[in-house]
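As stored in query.txt (compact mmCIF, C-alpha atoms):
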# COMPACT_ATOMS: atom_id res chain seq x y z
CA MET A 1 22.39 54.36 12.93
CA ASN A 2 24.74 52.54 10.58
CA ASP A 3 27.19 54.45 8.44
CA PRO A 4 25.59 54.22 4.96
CA ARG A 5 28.94 53.05 3.63
CA LEU A 6 28.54 49.91 5.73
CA ASN A 7 25.41 49.03 3.75
CA LYS A 8 27.36 49.65 0.54
CA LEU A 9 30.07 47.31 1.81
CA ALA A 10 27.52 44.58 2.52
CA ASN A 11 26.16 44.94 -1.00
CA VAL A 12 29.64 44.80 -2.56
CA LEU A 13 30.51 41.67 -0.56
CA VAL A 14 27.31 39.81 -1.34
CA ASP A 15 26.78 40.91 -4.96
CA TYR A 16 30.09 41.91 -6.58
CA CYS A 17 32.49 39.78 -4.55
CA CYS A 18 30.54 36.56 -4.04
CA ASP A 19 27.60 36.76 -6.49
CA VAL A 20 25.21 35.21 -3.99
CA LYS A 21 22.24 33.47 -5.64
CA PRO A 22 19.02 32.07 -4.16
CA GLY A 23 19.59 28.83 -2.28
CA MET A 24 23.32 29.28 -1.69
CA TRP A 25 24.70 28.33 1.76
CA VAL A 26 26.54 31.44 2.97
CA GLY A 27 28.76 31.43 6.05
CA ILE A 28 29.24 34.81 7.76
CA LEU A 29 32.18 34.81 10.17
CA GLY A 30 33.35 37.52 12.55
CA ASP A 31 34.11 38.62 16.09
CA VAL A 32 31.43 40.15 18.30
CA ALA A 33 33.13 43.52 17.70
CA THR A 34 31.97 43.39 14.07
CA LEU A 35 28.27 42.98 14.93
CA PRO A 36 27.06 46.00 12.89
CA ALA A 37 28.82 44.60 9.79
CA LEU A 38 27.60 41.05 10.47
CA ARG A 39 24.03 42.33 10.66
CA ALA A 40 24.37 44.30 7.42
CA VAL A 41 25.81 41.30 5.55
CA TYR A 42 23.21 38.93 7.04
CA ALA A 43 20.40 41.18 5.83
CA GLU A 44 21.96 41.47 2.38
CA VAL A 45 22.35 37.68 2.06
CA LEU A 46 18.66 37.26 2.86
CA LYS A 47 17.76 39.96 0.31
CA TYR A 48 19.64 38.01 -2.38
CA GLY A 49 17.95 34.72 -1.46
CA GLY A 50 20.92 33.06 0.25
CA ASN A 51 20.81 30.85 3.34
CA PRO A 52 23.03 32.50 5.99
CA THR A 53 24.84 30.73 8.82
CA LEU A 54 26.47 32.96 11.42
CA PHE A 55 29.79 31.86 12.96
CA MET A 56 30.47 34.41 15.70
CA SER A 57 33.73 34.42 17.64
CA ASP A 58 35.09 36.39 20.60
CA GLU A 59 38.65 37.66 21.02
CA TRP A 60 38.78 36.82 24.73
CA MET A 61 37.63 33.22 24.19
CA SER A 62 39.99 32.74 21.25
CA ARG A 63 42.89 34.04 23.30
CA HIS A 64 41.93 31.88 26.30
CA PHE A 65 41.79 28.81 24.08
CA THR A 66 45.25 29.56 22.72
CA ARG A 67 46.67 29.80 26.24
CA GLU A 68 44.80 26.99 27.99
CA ALA A 69 43.67 24.31 25.54
CA ASN A 70 45.37 20.92 25.88
CA ASP A 71 46.70 18.94 22.93
CA ASP A 72 43.49 16.91 22.53
CA GLN A 73 41.37 20.06 22.52
CA ILE A 74 43.65 21.70 19.97
CA ALA A 75 43.47 18.63 17.71
CA TRP A 76 39.64 18.49 17.87
CA LEU A 77 37.85 20.04 14.91
CA ASP A 78 34.28 21.24 15.32
CA PRO A 79 32.27 18.88 13.06
CA SER A 80 29.77 21.61 12.20
CA GLN A 81 32.55 23.81 10.83
CA THR A 82 34.12 20.85 9.00
CA LEU A 83 30.77 20.20 7.31
CA TYR A 84 30.48 23.89 6.47
CA TYR A 85 33.90 24.02 4.77
CA GLU A 86 33.17 20.82 2.84
CA LYS A 87 29.66 21.73 1.65
CA ALA A 88 28.96 25.49 1.78
CA ASP A 89 28.88 27.78 -1.25
CA VAL A 90 30.17 31.07 0.18
CA TYR A 91 32.55 32.20 2.95
CA ILE A 92 32.42 35.84 4.11
CA ARG A 93 34.76 36.83 6.96
CA ILE A 94 34.63 40.21 8.69
CA GLY A 95 37.93 40.86 10.48
CA SER A 96 38.49 43.24 13.37
CA SER A 97 40.43 43.72 16.58
CA ASN A 98 39.75 45.35 19.92
CA ASN A 99 43.38 44.94 20.99
CA THR A 100 46.05 44.47 18.33
CA ARG A 101 48.64 43.52 20.98
CA ALA A 102 46.51 41.08 22.95
CA MET A 103 48.54 38.06 21.78
CA THR A 104 51.95 39.62 22.37
CA ASN A 105 52.85 37.39 25.31
CA VAL A 106 51.32 34.17 23.96
CA ASP A 107 53.81 31.47 22.99
CA PRO A 108 54.05 31.59 19.16
CA LYS A 109 54.55 27.82 19.08
CA ARG A 110 51.06 27.35 20.51
CA VAL A 111 49.64 29.63 17.83
CA GLN A 112 51.34 27.55 15.17
CA LYS A 113 50.10 24.30 16.74
CA ILE A 114 46.51 25.55 16.53
CA ASN A 115 46.99 26.73 12.93
CA ALA A 116 48.44 23.36 11.99
CA ALA A 117 45.52 21.52 13.59
CA ARG A 118 43.02 23.62 11.63
CA ARG A 119 44.89 23.43 8.36
CA HIS A 120 42.30 20.99 7.00
CA TRP A 121 39.71 23.77 7.02
CA LEU A 122 41.99 26.16 5.16
CA ASP A 123 43.14 23.55 2.66
CA THR A 124 39.54 22.50 2.01
CA ARG A 125 38.37 26.07 1.43
CA LEU A 126 41.22 26.95 -0.91
CA SER A 127 41.01 23.66 -2.79
CA ARG A 128 37.27 24.03 -3.33
CA ALA A 129 37.74 27.65 -4.34
CA SER A 130 40.32 26.62 -6.96
CA ARG A 131 37.66 24.31 -8.45
CA ASN A 132 35.04 27.11 -8.35
CA GLU A 133 33.06 25.21 -5.74
CA MET A 134 33.25 27.91 -3.06
CA GLU A 135 33.39 31.69 -3.18
CA TRP A 136 35.23 33.45 -0.37
CA ILE A 137 35.93 37.00 0.69
CA GLY A 138 37.63 38.62 3.66
CA THR A 139 37.23 42.24 4.73
CA TRP A 140 37.83 44.50 7.73
CA TYR A 141 35.66 46.42 10.17
CA PRO A 142 37.24 49.56 11.71
CA THR A 143 37.69 49.68 15.48
CA GLU A 144 39.46 51.99 17.92
CA ALA A 145 42.32 49.49 18.28
CA SER A 146 42.95 49.31 14.54
CA ALA A 147 42.74 53.08 14.27
CA GLN A 148 45.30 53.45 17.05
CA GLU A 149 47.60 50.93 15.30
CA ALA A 150 47.38 53.08 12.17
CA ASN A 151 48.03 56.30 14.13
CA MET A 152 44.62 57.73 13.27
CA SER A 153 41.43 58.65 15.05
CA LEU A 154 38.55 56.21 14.58
CA GLU A 155 36.83 58.70 12.26
CA GLU A 156 39.95 59.12 10.12
CA TYR A 157 40.59 55.40 10.04
CA THR A 158 36.99 54.61 9.10
CA ASP A 159 37.26 57.05 6.19
CA PHE A 160 40.55 55.40 5.16
CA VAL A 161 39.07 51.89 5.29
CA TYR A 162 35.92 52.72 3.36
CA SER A 163 37.65 54.88 0.75
CA SER A 164 40.16 52.07 0.08
CA MET A 165 37.14 49.97 -0.86
CA PHE A 166 35.69 52.72 -3.12
CA LEU A 167 32.63 52.94 -0.87
CA ASP A 168 32.54 56.73 -1.26
CA ALA A 169 31.74 56.28 -4.95
CA ASP A 170 28.18 56.21 -6.25
CA ASP A 171 28.82 52.74 -7.69
CA PRO A 172 31.68 50.99 -5.85
CA ALA A 173 31.39 47.87 -7.99
CA ALA A 174 31.99 49.93 -11.15
CA GLU A 175 35.23 51.26 -9.64
CA TRP A 176 36.38 47.73 -8.86
CA ARG A 177 35.65 46.70 -12.45
CA LYS A 178 37.88 49.55 -13.70
CA LEU A 179 40.77 48.40 -11.49
CA SER A 180 40.16 44.83 -12.61
CA ALA A 181 40.52 45.81 -16.27
CA HIS A 182 43.78 47.68 -15.56
CA GLN A 183 45.26 44.72 -13.72
CA GLN A 184 44.14 42.24 -16.35
CA LEU A 185 46.34 44.01 -18.91
CA LYS A 186 49.38 43.24 -16.73
CA VAL A 187 48.29 39.67 -16.09
CA ASP A 188 47.85 39.08 -19.83
CA TRP A 189 51.33 40.51 -20.54
CA LEU A 190 52.88 38.13 -17.99
CA LYS A 191 51.37 34.99 -19.54
CA GLY A 192 54.08 32.67 -20.79
CA LYS A 193 56.91 34.60 -19.13
CA LYS A 194 59.53 32.69 -17.16
CA GLN A 195 61.95 34.67 -15.03
CA VAL A 196 61.49 37.60 -12.65
CA LYS A 197 64.33 39.62 -11.15
CA LEU A 198 64.01 42.33 -8.50
CA ILE A 199 66.81 44.86 -8.04
CA GLY A 200 66.98 47.78 -5.61
CA PRO A 201 68.25 48.92 -2.23
CA ASN A 202 66.03 46.34 -0.54
CA ALA A 203 66.34 43.40 -2.93
CA ASP A 204 68.56 41.42 -5.23
CA ILE A 205 66.49 38.34 -5.88
CA GLU A 206 65.18 36.27 -8.77
CA LEU A 207 62.50 33.64 -9.15
CA SER A 208 60.81 31.59 -11.83
CA ILE A 209 57.17 32.00 -12.85
CA ALA A 210 57.40 29.41 -15.64
CA GLU A 211 54.04 27.70 -16.14
CA ARG A 212 52.60 29.59 -13.18
CA THR A 213 49.49 31.78 -13.33
CA PHE A 214 49.17 35.39 -12.19
CA VAL A 215 45.84 36.10 -10.52
CA ASN A 216 44.00 39.40 -10.95
CA SER A 217 43.02 40.19 -7.36
CA ASP A 218 40.22 42.67 -7.96
CA GLY A 219 38.08 42.42 -4.85
CA HIS A 220 36.68 38.93 -5.27
CA LYS A 221 38.84 37.41 -2.51
CA ASN A 222 39.90 40.39 -0.36
CA MET A 223 38.12 43.67 0.19
CA PRO A 224 39.93 45.96 -0.29
CA SER A 225 42.11 44.43 -2.94
CA GLY A 226 44.39 45.69 -5.67
CA GLU A 227 47.22 43.32 -6.50
CA ILE A 228 48.38 40.74 -8.98
CA PHE A 229 49.99 37.63 -7.54
CA THR A 230 51.37 34.21 -8.37
CA GLY A 231 53.12 31.27 -6.73
CA PRO A 232 56.82 31.11 -7.68
CA VAL A 233 58.36 27.82 -8.78
CA GLU A 234 59.29 26.43 -5.39
CA GLU A 235 63.00 25.68 -5.88
CA SER A 236 63.70 28.67 -8.14
CA VAL A 237 64.15 31.52 -5.64
CA ASN A 238 67.70 32.78 -5.17
CA GLY A 239 69.05 35.97 -3.58
CA TRP A 240 68.14 38.22 -0.68
CA ILE A 241 65.41 40.64 0.27
CA ARG A 242 64.83 43.09 3.11
CA PHE A 243 61.23 43.90 3.97
CA SER A 244 60.46 47.57 4.54
CA TYR A 245 57.58 47.35 6.98
CA PRO A 246 56.87 45.30 10.11
CA SER A 247 55.01 42.04 9.58
CA ILE A 248 52.43 41.28 12.24
CA VAL A 249 51.36 37.81 13.30
CA ALA A 250 49.39 36.85 16.41
CA GLY A 251 49.50 40.46 17.55
CA ARG A 252 53.30 40.72 17.48
CA ALA A 253 55.15 43.00 15.06
CA VAL A 254 58.29 41.54 13.52
CA SER A 255 60.37 44.34 11.98
CA GLY A 256 63.56 44.50 9.94
CA ILE A 257 63.11 41.07 8.38
CA GLU A 258 65.83 39.93 5.97
CA LEU A 259 65.73 36.61 4.16
CA LYS A 260 68.31 34.85 2.00
CA PHE A 261 67.18 32.12 -0.39
CA GLU A 262 69.13 29.32 -2.05
CA ASN A 263 67.33 27.06 -4.51
CA GLY A 264 64.00 28.22 -3.13
CA LYS A 265 64.70 27.66 0.55
CA VAL A 266 65.26 30.28 3.25
CA VAL A 267 68.79 29.51 4.42
CA GLU A 268 69.38 32.67 6.46
CA ALA A 269 66.82 34.79 8.30
CA LYS A 270 66.98 37.59 10.82
CA ALA A 271 64.74 40.27 12.25
CA GLU A 272 65.50 43.40 14.24
CA SER A 273 62.61 42.72 16.62
CA ASN A 274 60.81 39.53 17.65
CA ASP A 275 63.30 37.35 15.82
CA ASP A 276 62.05 34.36 17.85
CA LEU A 277 58.66 34.63 16.16
CA LEU A 278 60.28 34.76 12.72
CA GLN A 279 62.27 31.61 13.49
CA ALA A 280 59.19 29.87 14.91
CA GLN A 281 57.23 30.60 11.75
CA LEU A 282 60.04 29.34 9.52
CA ASN A 283 60.34 26.15 11.56
CA THR A 284 56.63 25.34 11.55
CA ASP A 285 57.00 22.76 8.78
CA ALA A 286 59.08 22.06 5.67
CA GLY A 287 56.98 24.30 3.43
CA ALA A 288 57.36 27.34 5.67
CA ARG A 289 60.87 28.01 4.33
CA TYR A 290 59.66 28.30 0.71
CA LEU A 291 57.70 31.06 -0.99
CA GLY A 292 54.04 30.48 -1.62
CA GLU A 293 53.32 33.91 -3.13
CA PHE A 294 54.90 36.78 -5.03
CA ALA A 295 52.70 39.84 -5.62
CA ILE A 296 52.63 43.47 -6.74
CA GLY A 297 50.39 45.98 -4.93
CA THR A 298 48.32 48.27 -7.16
CA ASN A 299 45.87 50.11 -4.89
CA PHE A 300 47.15 53.69 -4.74
CA GLY A 301 44.19 54.58 -2.55
CA ILE A 302 46.12 52.75 0.16
CA ASN A 303 49.02 55.14 0.55
CA ARG A 304 50.22 54.54 4.09
CA PHE A 305 51.25 51.68 6.36
CA THR A 306 48.59 50.79 8.94
CA GLY A 307 49.83 47.59 10.54
CA ASN A 308 47.05 45.57 8.89
CA ILE A 309 48.22 43.22 6.14
CA LEU A 310 44.84 43.25 4.39
CA PHE A 311 45.52 46.88 3.49
CA ASP A 312 49.31 47.10 3.62
CA GLU A 313 50.02 44.38 1.07
CA LYS A 314 48.00 46.34 -1.51
CA ILE A 315 49.96 49.61 -1.11
CA GLY A 316 50.62 50.97 -4.59
CA GLY A 317 54.36 50.86 -5.30
CA THR A 318 55.16 47.83 -3.16
CA ILE A 319 55.64 44.12 -3.67
CA HIS A 320 55.05 41.41 -1.14
CA MET A 321 56.09 37.83 -0.71
CA ALA A 322 54.60 35.17 1.54
CA ILE A 323 56.49 32.30 3.06
CA GLY A 324 54.52 29.07 3.34
CA MET A 325 51.32 27.97 1.72
CA GLY A 326 50.69 28.87 -1.91
CA TYR A 327 47.36 29.30 -3.65
CA PRO A 328 46.46 26.32 -5.87
CA GLU A 329 44.98 28.55 -8.58
CA THR A 330 48.44 30.02 -9.24
CA GLY A 331 49.95 26.59 -9.80
CA SER A 332 51.81 26.71 -6.48
CA LYS A 333 52.58 23.31 -5.03
CA ASN A 334 53.86 24.58 -1.69
CA LYS A 335 52.05 23.23 1.38
CA SER A 336 52.35 24.68 4.85
CA ALA A 337 50.34 25.69 7.90
CA VAL A 338 51.93 29.13 7.45
CA HIS A 339 51.05 31.88 5.00
CA TRP A 340 52.86 35.02 6.14
CA ASP A 341 53.04 38.12 3.94
CA MET A 342 56.00 40.50 4.05
CA ILE A 343 56.09 43.87 2.23
CA CYS A 344 58.95 45.53 0.36
CA ASP A 345 58.79 49.14 -0.89
CA MET A 346 59.83 49.44 -4.55
CA ARG A 347 59.32 53.20 -5.01
CA ASP A 348 62.97 54.20 -4.65
CA ASP A 349 65.58 53.27 -7.28
CA SER A 350 64.05 49.81 -7.77
CA GLU A 351 62.95 47.78 -10.74
CA ILE A 352 61.46 44.47 -11.80
CA ARG A 353 62.63 42.79 -14.97
CA VAL A 354 60.75 39.93 -16.58
CA ASP A 355 62.72 37.74 -18.99
CA GLY A 356 65.22 40.60 -19.13
CA GLU A 357 62.65 43.25 -20.09
CA LEU A 358 61.89 46.20 -17.80
CA PHE A 359 58.39 45.63 -16.43
CA TYR A 360 58.19 47.90 -13.38
CA LYS A 361 60.29 50.82 -12.14
CA ASN A 362 60.11 52.87 -8.94
CA GLY A 363 56.66 51.63 -8.06
CA GLU A 364 55.04 51.99 -11.48
CA PHE A 365 54.38 49.59 -14.34
CA VAL A 366 56.24 50.58 -17.52
CA VAL A 367 54.70 48.09 -19.96
Can you present the structure in this file as structure tokens?
Amino acid sequence: MNDPRLNKLANVLVDYCCDVKPGMWVGILGDVATLPALRAVYAEVLKYGGNPTLFMSDEWMSRHFTREANDDQIAWLDPSQTLYYEKADVYIRIGSSNNTRAMTNVDPKRVQKINAARRHWLDTRLSRASRNEMEWIGTWYPTEASAQEANMSLEEYTDFVYSSMFLDADDPAAEWRKLSAHQQLKVDWLKGKKQVKLIGPNADIELSIAERTFVNSDGHKNMPSGEIFTGPVEESVNGWIRFSYPSIVAGRAVSGIELKFENGKVVEAKAESNDDLLQAQLNTDAGARYLGEFAIGTNFGINRFTGNILFDEKIGGTIHMAIGMGYPETGSKNKSAVHWDMICDMRDDSEIRVDGELFYKNGEFVV
């Protein structure tokens, strides 16, 4: 029997997040481990009159491809998926993992080669989304591996995941609308502002947001959500920042990351662990050394680090930055096969000033 909160999640994804209407082409993507969630979403899409297409993957096959595929196989793009990204109305991805360390010993350069080859799909989805031609949402299904990564039992982790999405509430969508209204006040205040400066034990860095747009991330692109974000002016970033939590890519945790920027570009970078992966990411392409995103987490229901960026980047009292690709709707012009989020805790003796005015102090908005 399904957890009733899973049915609530399916409804939130299909109705609140993506507003599925009769006749829409809806892609539902996920690993075989997420089958209960895939079934719930599939049923909900049918209930709302959508036309579902299931794209099911498998961790073992994905990992085998990464290790064994030759250059021609990596470069080949499945025409059916290309058609889907170019024509479909909705993209719903259910993430999960049965082994969060399964890719630890895979060459990171091969991972980046595959990401670069499939960049067309990502660029197409984001470009169409920026023109309101495609709705998309990503969420997470709890598994034993993810629970272990978060140092919880599966039952505790499942409660954490579903409560972060307000699925314990009678009307989860109403709770998301409340958070949306709160965040919109901050987004409205930031309109027309130009310069952002972060000061604290982990940061002394400034960047320009001139003529850039802050996005109210209120559950329509990620579930859970709870952040406001923009794309900094590419050449404007100067200073240094130390990220408080490990950043995980391809199953490998990179901890103790410090970056120094000059005129937007990362000119110095080091990590306490898996520094080779950090350097590989930065060297993927020219855009990987520039910021594509600056964001402030606002979901205080997410109050602990779990090793999953979907949740961790929303932690109330933190900011995060992403090297690489920016989101077109923010005005970002940065292009890259990389989009890698890194989180900095701002709850201790830290502040954000905008055009010289105090905007945020010790993890709380003050405007």
>> For Ala43 of chain A, find every residue with an atom within 12 Å (counting all atoms listed in the file), except residues of its own chain fewer than 2 positions away, and show them as number ranges by chain.
In response: A: 6-7, 10-11, 13-14, 26, 28, 36-41, 45-54
>> Within 12 Å of (48.1, 41.9, -16.9) in the file's own coordinates, which protein, DNA or RNA residues have an atom, counting all atoms listed in the file? List them as a VMD selection string.
In response: chain A and resid 179 to 193 213 to 218 227 to 230 296 298 359 365 to 367
Axis-aligned box for all listed atoms of segment 274-286 of chain A, 3 Å per side, centre and edges in Å to one decimal, as lines of an AutoDock Vina configuration file:
center_x = 60.0
center_y = 30.8
center_z = 11.8
size_x = 12.7
size_y = 23.5
size_z = 18.2
> segment 143-151 of chain A: which residues within 7 Å, counting only C-alpha atoms, same-chain residues fewer than 4 positions away excluded, as a list in words?
Replying inline: Ser96, Ser97, Asn98, Asn99, Thr100, Tyr157, Thr306 and Gly307 of chain A
>> Applying 6 Å and only C-alpha atoms, which residues near segment 239-255 of chain A remain after dropping the ones on its own chain fewer than 4 positions away? List them as number ranges by chain.
In response: A: 100-101, 103-104, 202-205, 259-261, 271-274, 342-345
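Atom CA of Glu351 of chain A lies 15.7 Å from atom CA of Met321 of chain A.
Picture a line from atom CA of Tyr16 of chain A to atom CA of Ala295 of chain A; it runs 22.7 Å.
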> Residues at most 12 Å from Val12 of chain A, counting all atoms listed in the file, excluding those fewer than 2 positions away in the same chain, as a count of residues only?
Replying inline: 39
>> Could you tell me how far atom CA of Gly256 of chain A sits from atom CA of Asp312 of chain A, in Å to one decimal place?
In response: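 Spanning atom CA of Asp312 of chain A to atom CA of Gly256 of chain A is a straight-line distance of 15.8 Å.
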> Within 6 Å of Gly316 of chain A, counting all atoms listed in the file, which residues qualify if same-chain residues fewer than 5 places away don't, as a PyMOL selection string?
Replying inline: chain A and resi 297-300
With C-alpha atoms retained, export the selected residues as a compact mmCIF listing (two decimals), in the frame of the given file.
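For reference, result32.txt as written:
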# COMPACT_ATOMS: atom_id res chain seq x y z
CA GLY A 297 50.39 45.98 -4.93
CA THR A 298 48.32 48.27 -7.16
CA ASN A 299 45.87 50.11 -4.89
CA PHE A 300 47.15 53.69 -4.74
